[in-house]
Every structure is written in structure tokens, then in C-alpha cells.
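*Asks:* Please find entry.cif (mmCIF, C-alpha atoms) on the next line:
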data_target
#
loop_
_atom_site.label_atom_id
_atom_site.label_comp_id
_atom_site.auth_asym_id
_atom_site.auth_seq_id
_atom_site.Cartn_x
_atom_site.Cartn_y
_atom_site.Cartn_z
CA MET T 249 -82.78 128.38 122.74
CA PRO T 250 -86.14 129.44 124.19
CA GLY T 251 -89.28 127.68 123.04
CA ARG T 252 -91.98 125.33 124.17
CA TYR T 253 -90.95 122.00 125.67
CA ARG T 254 -91.35 119.02 123.35
CA GLU T 255 -91.20 115.50 124.71
CA SER T 256 -88.51 113.30 123.19
CA PRO T 257 -89.88 110.64 120.83
CA LEU T 258 -87.08 108.33 122.04
CA LYS T 259 -88.47 106.36 124.96
CA LYS T 260 -86.46 104.58 127.63
CA PRO T 261 -85.64 101.09 126.35
CA SER T 262 -87.49 98.12 127.77
CA LYS T 263 -84.26 96.13 127.53
CA ALA T 264 -80.57 96.89 127.08
CA TYR T 265 -79.53 97.46 123.46
CA ILE T 266 -76.03 96.81 122.11
CA ALA T 267 -74.72 98.01 118.74
CA LEU T 268 -71.50 97.43 116.83
CA GLY T 269 -70.36 100.44 114.80
CA LEU T 270 -67.95 100.30 111.87
CA GLU T 271 -66.25 103.43 110.49
CA GLY T 272 -63.91 103.64 107.50
CA SER T 273 -64.74 106.75 105.47
CA ALA T 274 -61.10 107.93 105.32
CA ASN T 275 -57.76 106.64 106.65
CA LYS T 276 -59.08 105.57 110.07
CA LEU T 277 -60.65 102.16 110.48
CA GLY T 278 -62.74 102.02 113.64
CA ALA T 279 -64.95 99.52 115.43
CA GLY T 280 -66.86 100.33 118.59
CA VAL T 281 -69.48 98.72 120.80
CA ILE T 282 -72.03 100.83 122.66
CA LYS T 283 -74.79 99.92 125.11
CA HIS T 284 -78.04 101.75 125.84
CA ASP T 285 -79.29 100.53 129.21
CA VAL T 286 -82.85 100.34 130.57
CA ASP T 287 -82.28 103.36 132.82
CA GLY T 288 -81.57 105.53 129.77
CA SER T 289 -77.80 105.62 130.31
CA THR T 290 -75.22 105.05 127.58
CA GLU T 291 -72.02 103.05 128.07
CA VAL T 292 -69.05 102.81 125.72
CA LEU T 293 -67.98 99.16 125.91
CA SER T 294 -65.08 99.42 123.46
CA ASN T 295 -63.61 101.84 120.94
CA VAL T 296 -60.82 100.44 118.74
CA ARG T 297 -59.14 102.27 115.87
CA HIS T 298 -56.31 101.66 113.41
CA THR T 299 -54.90 104.40 111.19
CA TYR T 300 -53.38 104.09 107.73
CA ILE T 301 -50.27 106.30 107.91
CA THR T 302 -48.30 107.27 104.80
CA PRO T 303 -44.71 108.62 104.59
CA PRO T 304 -44.09 112.38 105.08
CA GLY T 305 -45.07 114.46 102.08
CA GLU T 306 -47.63 111.91 100.85
CA GLY T 307 -51.39 111.73 101.18
CA PHE T 308 -53.50 108.56 101.28
CA LEU T 309 -54.96 107.19 98.06
CA PRO T 310 -58.45 105.59 98.06
CA ARG T 311 -57.22 102.25 96.70
CA ASP T 312 -54.40 101.88 99.25
CA THR T 313 -56.65 103.04 102.10
CA ALA T 314 -59.32 100.50 101.13
CA GLN T 315 -56.69 97.76 101.09
CA HIS T 316 -55.60 98.80 104.60
CA HIS T 317 -59.21 98.56 105.81
CA ARG T 318 -59.66 95.10 104.29
CA GLU T 319 -56.44 93.85 105.88
CA TRP T 320 -57.23 95.19 109.37
CA ALA T 321 -61.03 94.80 109.54
CA ILE T 322 -61.13 91.36 111.20
CA VAL T 323 -58.37 92.26 113.69
CA VAL T 324 -60.03 95.54 114.72
CA ILE T 325 -63.54 94.07 115.01
CA LYS T 326 -62.35 91.04 117.01
CA ASP T 327 -60.46 93.38 119.34
CA ALA T 328 -63.54 95.61 119.81
CA VAL T 329 -65.83 92.67 120.58
CA ALA T 330 -63.29 91.12 122.97
CA LYS T 331 -62.74 94.39 124.86
CA ALA T 332 -66.52 94.83 125.16
CA ASN T 333 -66.68 91.36 126.74
CA ILE T 334 -69.54 90.28 124.50
CA THR T 335 -70.09 87.97 121.52
CA MET T 336 -71.56 88.87 118.16
CA HIS T 337 -74.76 87.11 119.22
CA ASP T 338 -75.28 89.77 121.92
CA VAL T 339 -75.34 92.57 119.32
CA ASP T 340 -78.76 93.96 118.37
CA CYS T 341 -77.67 95.74 115.18
CA ILE T 342 -74.61 96.40 113.03
CA CYS T 343 -74.09 100.05 112.10
CA TYR T 344 -71.80 101.19 109.30
CA THR T 345 -70.84 104.49 107.67
CA LYS T 346 -73.00 105.01 104.61
CA GLY T 347 -71.26 108.30 103.73
CA PRO T 348 -69.90 110.83 103.09
CA GLY T 349 -66.29 109.79 102.54
CA MET T 350 -63.86 108.20 100.11
CA GLY T 351 -65.55 105.70 97.82
CA ALA T 352 -63.26 102.67 98.01
CA PRO T 353 -62.73 102.71 101.81
CA LEU T 354 -66.48 103.16 102.36
CA GLN T 355 -67.21 100.17 100.12
CA SER T 356 -64.71 97.98 101.97
CA VAL T 357 -66.33 98.66 105.35
CA ALA T 358 -69.88 98.33 103.96
CA LEU T 359 -68.92 94.91 102.57
CA VAL T 360 -67.66 93.82 106.00
CA ALA T 361 -70.88 95.08 107.63
CA ARG T 362 -73.06 93.18 105.13
CA THR T 363 -71.04 89.99 105.65
CA LEU T 364 -71.40 90.18 109.44
CA SER T 365 -75.11 90.92 109.07
CA LEU T 366 -75.63 87.78 107.00
CA LEU T 367 -73.37 85.59 109.14
CA TYR T 368 -75.02 86.48 112.44
CA GLU T 369 -78.48 87.43 111.14
CA LYS T 370 -78.32 90.95 112.55
CA PRO T 371 -80.07 94.01 111.09
CA LEU T 372 -78.00 96.67 109.34
CA VAL T 373 -78.18 100.43 109.97
CA GLY T 374 -76.52 102.84 107.53
CA VAL T 375 -75.29 106.00 109.30
CA ASN T 376 -74.41 109.49 108.12
CA HIS T 377 -70.81 110.13 109.19
CA CYS T 378 -71.49 113.77 110.13
CA VAL T 379 -74.53 112.91 112.26
CA GLY T 380 -72.39 110.28 113.99
CA HIS T 381 -69.92 112.97 115.05
CA ILE T 382 -72.72 115.23 116.32
CA GLU T 383 -74.57 112.56 118.30
CA MET T 384 -71.41 111.25 119.95
CA GLY T 385 -70.37 114.81 120.80
CA ARG T 386 -73.78 115.50 122.38
CA GLU T 387 -73.65 112.27 124.37
CA VAL T 388 -70.11 112.75 125.71
CA THR T 389 -70.35 116.47 126.54
CA GLY T 390 -73.98 116.74 127.59
CA ALA T 391 -74.60 119.73 125.30
CA GLN T 392 -78.36 120.28 124.97
CA ASN T 393 -78.99 122.34 121.85
CA PRO T 394 -75.67 123.73 120.63
CA VAL T 395 -74.51 125.34 117.43
CA VAL T 396 -72.24 122.65 116.01
CA LEU T 397 -68.95 123.43 114.30
CA TYR T 398 -68.05 120.30 112.37
CA VAL T 399 -64.43 120.47 111.19
CA SER T 400 -62.58 117.53 109.68
CA GLY T 401 -60.47 116.46 106.73
CA GLY T 402 -63.47 116.23 104.43
CA ASN T 403 -66.06 118.56 105.94
CA THR T 404 -66.37 122.08 107.34
CA GLN T 405 -69.90 123.02 108.41
CA VAL T 406 -71.74 125.19 110.93
CA ILE T 407 -74.88 123.31 111.94
CA ALA T 408 -77.92 123.85 114.15
CA TYR T 409 -80.81 121.51 114.93
CA SER T 410 -84.40 122.35 114.05
CA ARG T 411 -87.50 120.19 113.53
CA GLN T 412 -85.80 116.82 113.25
CA CYS T 413 -83.07 118.03 110.92
CA TYR T 414 -79.48 119.17 111.38
CA ARG T 415 -79.57 122.31 109.25
CA ILE T 416 -76.40 123.67 107.67
CA PHE T 417 -75.99 127.41 108.28
CA GLY T 418 -72.59 127.73 106.63
CA GLU T 419 -69.90 125.59 105.08
CA THR T 420 -66.73 125.62 103.04
CA LEU T 421 -67.12 126.58 99.40
CA ASP T 422 -64.14 124.50 98.30
CA ILE T 423 -61.81 122.42 100.50
CA ALA T 424 -62.31 121.42 104.12
CA VAL T 425 -60.20 122.91 106.91
CA GLY T 426 -58.60 119.56 107.72
CA ASN T 427 -57.70 119.06 104.07
CA CYS T 428 -56.17 122.55 104.00
CA LEU T 429 -54.00 121.80 107.05
CA ASP T 430 -53.03 118.32 105.82
CA ARG T 431 -51.99 119.54 102.39
CA PHE T 432 -49.82 122.27 103.85
CA ALA T 433 -48.24 119.74 106.22
CA ARG T 434 -47.22 117.76 103.14
CA VAL T 435 -45.75 120.89 101.51
CA ILE T 436 -43.41 121.50 104.46
CA ASN T 437 -42.77 117.75 104.84
CA LEU T 438 -44.28 117.24 108.30
CA SER T 439 -44.89 113.69 109.49
CA ASN T 440 -48.28 112.02 109.05
CA ASP T 441 -47.86 110.28 112.41
CA PRO T 442 -50.11 110.55 114.39
CA SER T 443 -51.73 113.03 111.97
CA PRO T 444 -50.60 116.03 109.88
CA GLY T 445 -53.02 118.36 111.67
CA TYR T 446 -51.62 117.45 115.09
CA ASN T 447 -48.07 118.10 113.90
CA ILE T 448 -49.07 121.47 112.45
CA GLU T 449 -50.60 122.36 115.85
CA GLN T 450 -47.35 121.51 117.63
CA GLU T 451 -45.26 123.41 115.09
CA ALA T 452 -47.56 126.45 115.35
CA LYS T 453 -46.81 126.73 119.07
CA LYS T 454 -43.23 127.69 118.11
CA GLY T 455 -44.33 130.34 115.60
CA LYS T 456 -43.59 134.02 116.34
CA ARG T 457 -44.57 135.83 113.15
CA LEU T 458 -48.04 136.35 111.65
CA VAL T 459 -47.69 136.60 107.88
CA PRO T 460 -50.42 138.25 105.76
CA LEU T 461 -52.98 135.79 104.37
CA PRO T 462 -56.40 136.18 102.71
CA TYR T 463 -59.34 136.28 105.14
CA THR T 464 -62.19 134.85 103.08
CA THR T 465 -65.50 134.60 104.87
CA LYS T 466 -68.40 134.99 102.46
CA GLY T 467 -71.56 135.47 104.47
CA MET T 468 -71.92 132.28 106.49
CA ASP T 469 -69.48 130.38 104.26
CA VAL T 470 -65.70 130.22 104.06
CA SER T 471 -63.23 129.63 101.24
CA LEU T 472 -59.92 127.95 102.04
CA SER T 473 -58.26 127.04 98.73
CA GLY T 474 -56.92 130.57 98.18
CA ILE T 475 -55.40 130.66 101.66
CA LEU T 476 -53.64 127.36 100.95
CA THR T 477 -52.26 128.68 97.66
CA SER T 478 -51.14 131.88 99.36
CA ILE T 479 -49.32 130.18 102.22
CA GLU T 480 -47.69 127.68 99.87
CA GLY T 481 -46.26 130.72 98.05
CA TYR T 482 -44.34 131.72 101.19
CA THR T 483 -42.28 128.52 100.91
CA SER T 484 -40.78 129.96 97.70
CA ASP T 485 -40.07 133.35 99.31
CA ARG T 486 -36.37 134.27 99.64
CA ARG T 487 -36.96 134.89 103.37
CA TYR T 488 -38.21 131.34 103.95
CA ARG T 489 -35.89 129.09 105.98
CA PRO T 490 -37.07 125.44 106.06
CA ARG T 491 -34.92 124.72 109.12
CA GLY T 492 -35.52 128.10 110.77
CA GLU T 493 -31.82 128.97 110.71
CA PRO T 494 -30.97 132.62 111.54
CA PHE T 495 -30.06 135.16 108.87
CA GLU T 496 -28.13 138.39 109.33
CA SER T 497 -31.18 140.60 108.69
CA GLU T 498 -33.45 138.62 111.08
CA ASP T 499 -36.18 139.00 108.47
CA ILE T 500 -36.88 135.31 108.02
CA ILE T 501 -40.00 133.15 107.77
CA THR T 502 -39.94 129.69 109.33
CA PRO T 503 -42.27 126.69 108.93
CA ALA T 504 -43.45 127.37 112.50
CA ASP T 505 -44.40 130.95 111.52
CA LEU T 506 -46.43 129.64 108.58
CA CYS T 507 -48.21 127.00 110.68
CA PHE T 508 -49.00 129.64 113.30
CA SER T 509 -50.33 132.08 110.68
CA LEU T 510 -52.43 129.46 108.91
CA GLN T 511 -54.08 128.36 112.16
CA GLU T 512 -54.77 131.88 113.39
CA ILE T 513 -56.39 133.10 110.18
CA VAL T 514 -58.41 129.96 109.39
CA PHE T 515 -59.63 129.49 112.95
CA SER T 516 -60.61 133.17 113.17
CA MET T 517 -62.84 132.66 110.14
CA LEU T 518 -64.47 129.60 111.73
CA VAL T 519 -65.09 131.43 115.00
CA GLU T 520 -66.70 134.33 113.12
CA ILE T 521 -69.25 132.24 111.24
CA THR T 522 -70.00 130.17 114.36
CA GLU T 523 -70.68 133.33 116.38
CA ARG T 524 -73.01 134.57 113.65
CA ALA T 525 -74.99 131.31 113.82
CA MET T 526 -75.18 131.58 117.62
CA ALA T 527 -76.59 135.08 117.33
CA HIS T 528 -79.12 134.00 114.73
CA ILE T 529 -80.67 131.14 116.70
CA GLY T 530 -80.08 132.61 120.17
CA SER T 531 -77.93 129.74 121.42
CA LYS T 532 -75.23 130.02 124.09
CA GLU T 533 -73.66 126.64 123.42
CA VAL T 534 -71.04 125.61 120.85
CA LEU T 535 -70.12 122.00 120.20
CA ILE T 536 -66.93 121.35 118.21
CA VAL T 537 -66.76 117.94 116.52
CA GLY T 538 -64.59 116.31 113.86
CA GLY T 539 -60.88 115.57 113.75
CA VAL T 540 -59.80 119.23 113.72
CA GLY T 541 -61.94 119.75 116.83
CA CYS T 542 -59.07 118.20 118.85
CA ASN T 543 -56.99 121.33 118.15
CA GLU T 544 -56.51 123.13 121.45
CA ARG T 545 -55.94 126.50 119.80
CA LEU T 546 -59.29 126.27 118.01
CA GLN T 547 -60.97 125.35 121.31
CA GLU T 548 -59.23 128.28 123.02
CA MET T 549 -60.30 130.82 120.38
CA MET T 550 -63.87 129.50 120.39
CA GLY T 551 -63.87 129.66 124.19
CA ILE T 552 -62.91 133.35 124.17
CA MET T 553 -65.77 134.14 121.78
CA ALA T 554 -68.28 132.09 123.78
CA GLN T 555 -67.21 133.67 127.05
CA GLU T 556 -67.83 137.15 125.62
CA ARG T 557 -71.38 135.99 124.82
CA ASP T 558 -71.86 134.36 128.27
CA GLY T 559 -71.80 131.04 126.48
CA GLN T 560 -70.00 127.73 126.77
CA VAL T 561 -67.88 125.57 124.48
CA PHE T 562 -68.15 121.78 124.43
CA ALA T 563 -65.48 119.57 122.86
CA THR T 564 -64.18 116.02 123.19
CA ASP T 565 -60.70 114.52 123.17
CA GLU T 566 -59.09 112.47 120.40
CA ARG T 567 -61.01 109.30 121.37
CA PHE T 568 -64.24 110.80 120.03
CA CYS T 569 -63.15 113.76 117.87
CA ILE T 570 -61.12 111.69 115.43
CA ASP T 571 -63.13 109.26 113.26
CA ASN T 572 -64.16 106.23 115.30
CA GLY T 573 -66.56 103.33 115.29
CA ILE T 574 -68.34 104.24 118.53
CA MET T 575 -69.91 107.39 117.02
CA ILE T 576 -71.39 105.28 114.22
CA ALA T 577 -72.72 102.82 116.80
CA GLN T 578 -74.28 105.67 118.82
CA ALA T 579 -76.10 107.34 115.89
CA GLY T 580 -77.05 103.98 114.42
CA LEU T 581 -78.50 102.65 117.67
CA LEU T 582 -80.57 105.81 118.17
CA SER T 583 -81.97 105.32 114.68
CA TYR T 584 -82.52 101.58 115.24
CA ARG T 585 -84.47 102.22 118.45
CA MET T 586 -86.80 104.45 116.43
CA GLY T 587 -87.53 101.52 114.10
CA PHE T 588 -85.09 102.26 111.27
CA GLN T 589 -83.18 99.49 109.51
CA THR T 590 -81.27 99.38 106.23
CA ALA T 591 -82.39 96.59 103.93
CA LEU T 592 -79.55 94.44 102.59
CA ALA T 593 -80.43 95.41 99.01
CA LYS T 594 -80.08 99.09 99.97
CA SER T 595 -76.95 98.78 102.11
CA THR T 596 -74.92 100.87 99.69
CA CYS T 597 -72.61 103.78 100.43
CA THR T 598 -72.22 107.19 98.87
CA GLN T 599 -69.41 109.73 98.78
CA ARG T 600 -71.92 112.57 98.99
CA PHE T 601 -74.41 112.38 101.86
CA ARG T 602 -75.24 115.76 103.33
CA THR T 603 -75.91 116.28 107.02
CA ASP T 604 -79.28 117.92 106.32
CA GLU T 605 -80.52 114.89 104.33
CA VAL T 606 -80.97 112.84 107.51
CA HIS T 607 -84.36 112.64 109.25
CA VAL T 608 -83.41 112.89 112.93
CA THR T 609 -86.38 110.95 114.30
CA TRP T 610 -84.95 110.47 117.82
CA ARG T 611 -85.01 114.19 118.70
CA PRO T 612 -88.14 116.27 119.36
#
Please go through the file and, once you have read it, give me the structure as C-alpha cells.
*Replies:*
Amino acid sequence: MPGRYRESPLKKPSKAYIALGLEGSANKLGAGVIKHDVDGSTEVLSNVRHTYITPPGEGFLPRDTAQHHREWAIVVIKDAVAKANITMHDVDCICYTKGPGMGAPLQSVALVARTLSLLYEKPLVGVNHCVGHIEMGREVTGAQNPVVLYVSGGNTQVIAYSRQCYRIFGETLDIAVGNCLDRFARVINLSNDPSPGYNIEQEAKKGKRLVPLPYTTKGMDVSLSGILTSIEGYTSDRRYRPRGEPFESEDIITPADLCFSLQEIVFSMLVEITERAMAHIGSKEVLIVGGVGCNERLQEMMGIMAQERDGQVFATDERFCIDNGIMIAQAGLLSYRMGFQTALAKSTCTQRFRTDEVHVTWRP
């Protein structure tokens, strides 16, 4: 976006900084170690993750997810530190997800972070989960000043940076896109391994029929609950065949058709509101972050739109798209280098922590 050049307030470090990041806002428990070197470069030393997977047709409950995080925390953190080839004494700060997310899992990880902070006398840094996704996406892809489409199980937002704030241009009015996909995966009994969204993507590749669904963009916002209700209704239609078996009239609807239709309609809505944000701020870059950002069809559709605008799409693979500890370490270390620390008495977590509530001090 055109404008006068502003020097970054983040100076090159006088020494190498190392941060441990802990993420556990949903069913992924992640620990990652990142290093900011004196030459200004960033190195991912380790990125370890363990996922709580439930049986097909079931979601993950906060209590059970928190128990999973408590059981695996020590194993995952030890593995991350060992793979980074460091000790806890080498770490400059411990970063944890403050929010948003599921209450009980967030509390479990915050408790682990506080314990490590006290044991090794290391400062704490509470991190906004959404900002973690954005900062890791910017670092990995090299995007300068993109419009950000943040799509995950708990969030759907179109974001742009301005004056040390990630401002939300549009968002979901009800459920997130990842939640919409996951819930439909449970309806048609798809596996949760490795994730419901991934299995919907694979099933959609076999779809041949686009069924009518509501297209509900409302200005810069989207609504997804009605689409979910509508597509669930097709599973009760007399033409629906759960196994896709042929019928004499050929007029059948298969699970693959429904997955294909759901993706096409929902992703079209997301591309539309992203394009509108690009036009508004004059940007030619789009950065897709969040778990749903791994979806290749979404990347393809966004790429077609960006190409028509002489723009470019940036996205990462599952190592950085899906919730992970390294993104928390990255955003936390940037904040720590600007002098921010979270006092032990204030090292709480919150289920509601909006992206635009964060003061982004490390950007001009």
C-alpha cells in the first residue's frame, strides 16, 4: 500500500534471543523454540505438536481436551527443547497463548507456563492466538503488508494492519468456517484423523454435483450457521446416498457432492470479502493463516482472484497453518524485544481476546 516510509521500531538485537512458545487453545498442544539472531534473521529451532483426536462423529469437549494437554505437556515440551538442542536456561522468555480459545485447555497451558517461569526464573509473555498466526505467516512467507484472511475452527476474520493495530474489516457473525466444516464432517461421520477439515477437502475432490446453498455475505461479514443447517438437511433428502451407491434415476446426492458444494460456496464468500478489503486499502497481497488456510482449494480460489487483480497469495503448509507453539514463540518474542512482559499476577487467560485489542508495538 502506498504511503510514506516509517522506520521499524524493532531494532536488530544486540544478542541472540530464544523463546519457548506454548499453544493449547483447542485440541492441538504445541511447543516450539524460536531464535532471533543478531543479524536480524529468524530460525525455527523446533516445532512439536500433539493432537487430541476423538472418534468419528464426536467433537472434543473442553474438559477432555484440557486433560489431554496436562498429560502430554511435559512430553511435548521436553521433545521441543531437546530438538532445539538447548536447555531451559538458554531461553530468554516463555510465551503462552492468553486467548482466544477454549477455557479449560487455555488454563492448563497457562498453568504449565507459569510453573516453568517460576522454576527457571524466566519472564512470561501472554500472546494473542490470532496475532501469533499472523506474525508467523508474515515471517514464513515474507509478505510485507497483506490483507490477512484468518480462517480456523474458532475464528473467521479479514484483517489489515494500520497504525500498530491489526484491524478487523470483516468477520463471521455466528460460527467460524472451521467449525462449520468440522460439524458437517461429524454429521456424515468422517474421521477426525488427522482433522475433519482435511477429510472434507479430500472427499470434496470426488464431488461432481453442486447443490443449492445459501450465499450469505452481509457487507464485509459472513454468516455460516444457516449454510450448515441447509446442508445438513440434504442428508435427510430421499436422493441422499451415504455410500454413493447408484440409483436407477441417477438423481442422487453423495457425501462427496455435499462436501464439494459446502467448500465452493463458503470459500466463494471468503474470497469476496477478502477482495473487497484489498480494494479498500489498495493492497495486492493476501496472506491466508489459520488451520483452514491449509486447504488447497481455498488457496486456489484466492489465487485466481488475486491474479485478476495483479496480486499475490501467500500461504503456509500444515506446520505453521495449524495451531502450533512456534507461532506463539514468534509473536511473544517480538513483543518481549519491545519491552513487554506479563506479570505473574496477570498471567491469566481469556476465551475472548480480539485481534484488534493488541498493541502491535514492533511494527511501524
*Asks:* Each residue of range 334-444 of chain T with at least one atom at most 9 Å from range 544-567 of chain T should appear once, together with its nearest atom pair and the corresponding distance in Å (one decimal); atoms considered: only C-alpha atoms; ordering: chain, then increasing residue number; output as a tab-separated table.
*Replies:*
residue	atom	partner	partner_atom	distance
T:Gly385	CA	T:Thr564	CA	6.7
T:Arg386	CA	T:Phe562	CA	8.7
T:Val388	CA	T:Thr564	CA	7.2
T:Thr389	CA	T:Phe562	CA	6.1
T:Gly390	CA	T:Phe562	CA	8.3
T:Ala391	CA	T:Phe562	CA	6.8
T:Pro394	CA	T:Phe562	CA	8.6
*Asks:* How far is it from CA of Ile479 in chain T to CA of Glu520 in chain T, in Å with one decimal?
*Replies:*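 Spanning CA of Ile479 in chain T to CA of Glu520 in chain T is a straight-line distance of 20.9 Å.
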*Asks:* Just so the selection is clear, what residues does the PyMOL selection byres ((chain T and resi 422-435) around 10) cover here, as a PyMOL selection string?
*Replies:* chain T and resi 303-307+398-405+419-421+436-440+443-449+469-477+479-480+483+503+506-507+510-511+514-515+518+538-541
*Asks:* Within 10 Å of Phe417 in chain T, counting all atoms listed in the file, which residues show up once you throw out same-chain ones fewer than 3 positions away? Write them as an NGL selection string, please.
*Replies:* :T and (395-396 or 405-408 or 414 or 467-469 or 521-522 or 524-525 or 528)
*Asks:* What does the PyMOL selection byres ((chain T and resi 336) around 12) select in this file, as a compact mmCIF listing (two decimals) with C-alpha atoms, in the coordinates of the input?
*Replies:*
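Saved to result-v1.txt:
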# COMPACT_ATOMS: atom_id res chain seq x y z
CA ILE T 266 -76.03 96.81 122.11
CA ALA T 267 -74.72 98.01 118.74
CA LEU T 268 -71.50 97.43 116.83
CA VAL T 281 -69.48 98.72 120.80
CA ILE T 325 -63.54 94.07 115.01
CA LYS T 326 -62.35 91.04 117.01
CA ALA T 328 -63.54 95.61 119.81
CA VAL T 329 -65.83 92.67 120.58
CA ALA T 330 -63.29 91.12 122.97
CA ALA T 332 -66.52 94.83 125.16
CA ASN T 333 -66.68 91.36 126.74
CA ILE T 334 -69.54 90.28 124.50
CA THR T 335 -70.09 87.97 121.52
CA HIS T 337 -74.76 87.11 119.22
CA ASP T 338 -75.28 89.77 121.92
CA VAL T 339 -75.34 92.57 119.32
CA ASP T 340 -78.76 93.96 118.37
CA CYS T 341 -77.67 95.74 115.18
CA ILE T 342 -74.61 96.40 113.03
CA LEU T 364 -71.40 90.18 109.44
CA SER T 365 -75.11 90.92 109.07
CA LEU T 366 -75.63 87.78 107.00
CA LEU T 367 -73.37 85.59 109.14
CA TYR T 368 -75.02 86.48 112.44
CA GLU T 369 -78.48 87.43 111.14
CA LYS T 370 -78.32 90.95 112.55
*Asks:* So how far away is CA of His298 in chain T from CA of Pro353 in chain T, in Å?
*Replies:*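 Separating CA of Pro353 in chain T from CA of His298 in chain T is a distance of 13.3 Å.
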*Asks:* Considering all atoms listed in the file, can you say which of T:Arg602, T:Lys263, T:Arg611, T:Arg362 comes closest to Pro348 in chain T?
*Replies:* T:Arg602
*Asks:* Of the residues T:Leu397, T:Val323, T:Met350, T:Val375, which is the one nearest to Glu533 in chain T, using all atoms listed in the file?
*Replies:* T:Leu397
*Asks:* Would you mind reading off the distance between CA of Ser410 in chain T and CA of Ser273 in chain T, one decimal, in Å?
*Replies:*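 Separating CA of Ser410 in chain T from CA of Ser273 in chain T is a distance of 26.5 Å.
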*Asks:* Find the residue from T:Thr464, T:Thr345, T:Ser531, T:Asn275 that sits nearest to Leu309 in chain T; use all atoms listed in the file when measuring.
*Replies:* T:Asn275
*Asks:* Quick one: which residues end up in the PyMOL selection byres ((chain T and resi 609) around 9) for this structure, as an mmCIF file with C-alpha atoms, keeping the file's coordinate frame?
*Replies:*
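Written out: part_2.cif:
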data_model
loop_
_atom_site.group_PDB
_atom_site.id
_atom_site.type_symbol
_atom_site.label_atom_id
_atom_site.label_comp_id
_atom_site.auth_asym_id
_atom_site.auth_seq_id
_atom_site.Cartn_x
_atom_site.Cartn_y
_atom_site.Cartn_z
ATOM 1 C CA PRO T 257 -89.880 110.640 120.830
ATOM 2 C CA LEU T 258 -87.080 108.330 122.040
ATOM 3 C CA GLN T 412 -85.800 116.820 113.250
ATOM 4 C CA CYS T 413 -83.070 118.030 110.920
ATOM 5 C CA LEU T 582 -80.570 105.810 118.170
ATOM 6 C CA SER T 583 -81.970 105.320 114.680
ATOM 7 C CA MET T 586 -86.800 104.450 116.430
ATOM 8 C CA VAL T 606 -80.970 112.840 107.510
ATOM 9 C CA HIS T 607 -84.360 112.640 109.250
ATOM 10 C CA VAL T 608 -83.410 112.890 112.930
ATOM 11 C CA TRP T 610 -84.950 110.470 117.820
ATOM 12 C CA ARG T 611 -85.010 114.190 118.700
ATOM 13 C CA PRO T 612 -88.140 116.270 119.360
#
*Asks:* Just the residues within 9 Å of Arg318 in chain T, please, counting all atoms listed in the file, with nothing from its chain fewer than 3 positions along; format it as a list in words.
*Replies:*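 My list of contacting residues is Thr313, Ala314, Gln315, Ala321, Ile322, Pro353, Ser356, Val357 and Val360 of chain T.
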*Asks:* Please, could you write that set of residues out with C-alpha atoms as an mmCIF file, in the frame of the given file?
*Replies:*
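Once written, result.cif looks like this:
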data_model
loop_
_atom_site.group_PDB
_atom_site.id
_atom_site.type_symbol
_atom_site.label_atom_id
_atom_site.label_comp_id
_atom_site.auth_asym_id
_atom_site.auth_seq_id
_atom_site.Cartn_x
_atom_site.Cartn_y
_atom_site.Cartn_z
ATOM 1 C CA THR T 313 -56.650 103.040 102.100
ATOM 2 C CA ALA T 314 -59.320 100.500 101.130
ATOM 3 C CA GLN T 315 -56.690 97.760 101.090
ATOM 4 C CA ALA T 321 -61.030 94.800 109.540
ATOM 5 C CA ILE T 322 -61.130 91.360 111.200
ATOM 6 C CA PRO T 353 -62.730 102.710 101.810
ATOM 7 C CA SER T 356 -64.710 97.980 101.970
ATOM 8 C CA VAL T 357 -66.330 98.660 105.350
ATOM 9 C CA VAL T 360 -67.660 93.820 106.000
#
*Asks:* Residues around (-60.3, 135.6, 108.7), cut-off 7 Å, counting only C-alpha atoms - what are they as a ChimeraX atom specification?
*Replies:* /T:463-465,513-514,516-517
*Asks:* Please work out which residues fall within 12 Å of (-62.9, 103.6, 108.3), coordinates as given in the file, with all atoms listed in the file counting, and return them as a ChimeraX atom specification.
*Replies:* /T:269-280,296-300,310,313-321,324-325,344-358,360-361,377,570-576
*Asks:* Which residues are close to Gly492 in chain T, i.e. within 12 Å by all atoms listed in the file, leaving aside same-chain residues fewer than 4 positions away? Reply as a list in words.
*Replies:*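 Selected residues are Glu451, Lys454, Gly455, Lys456, Thr483, Arg487, Tyr488, Glu498, Asp499, Ile500, Ile501, Thr502, Pro503, Ala504, Asp505 and Leu506 of chain T.
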*Asks:* Could you check which of T:Val459, T:Ala593, T:Ile536, T:Cys569 is closest to Ser478 in chain T, using only C-alpha atoms?
*Replies:*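 The shortest atom-to-atom distance to Ser478 in chain T comes from T:Val459.
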*Asks:* Determine the nearest neighbour of Ile416 in chain T from the options T:His284, T:Asp604, T:Leu535, T:Val379, counting all atoms listed in the file.
*Replies:* T:Asp604
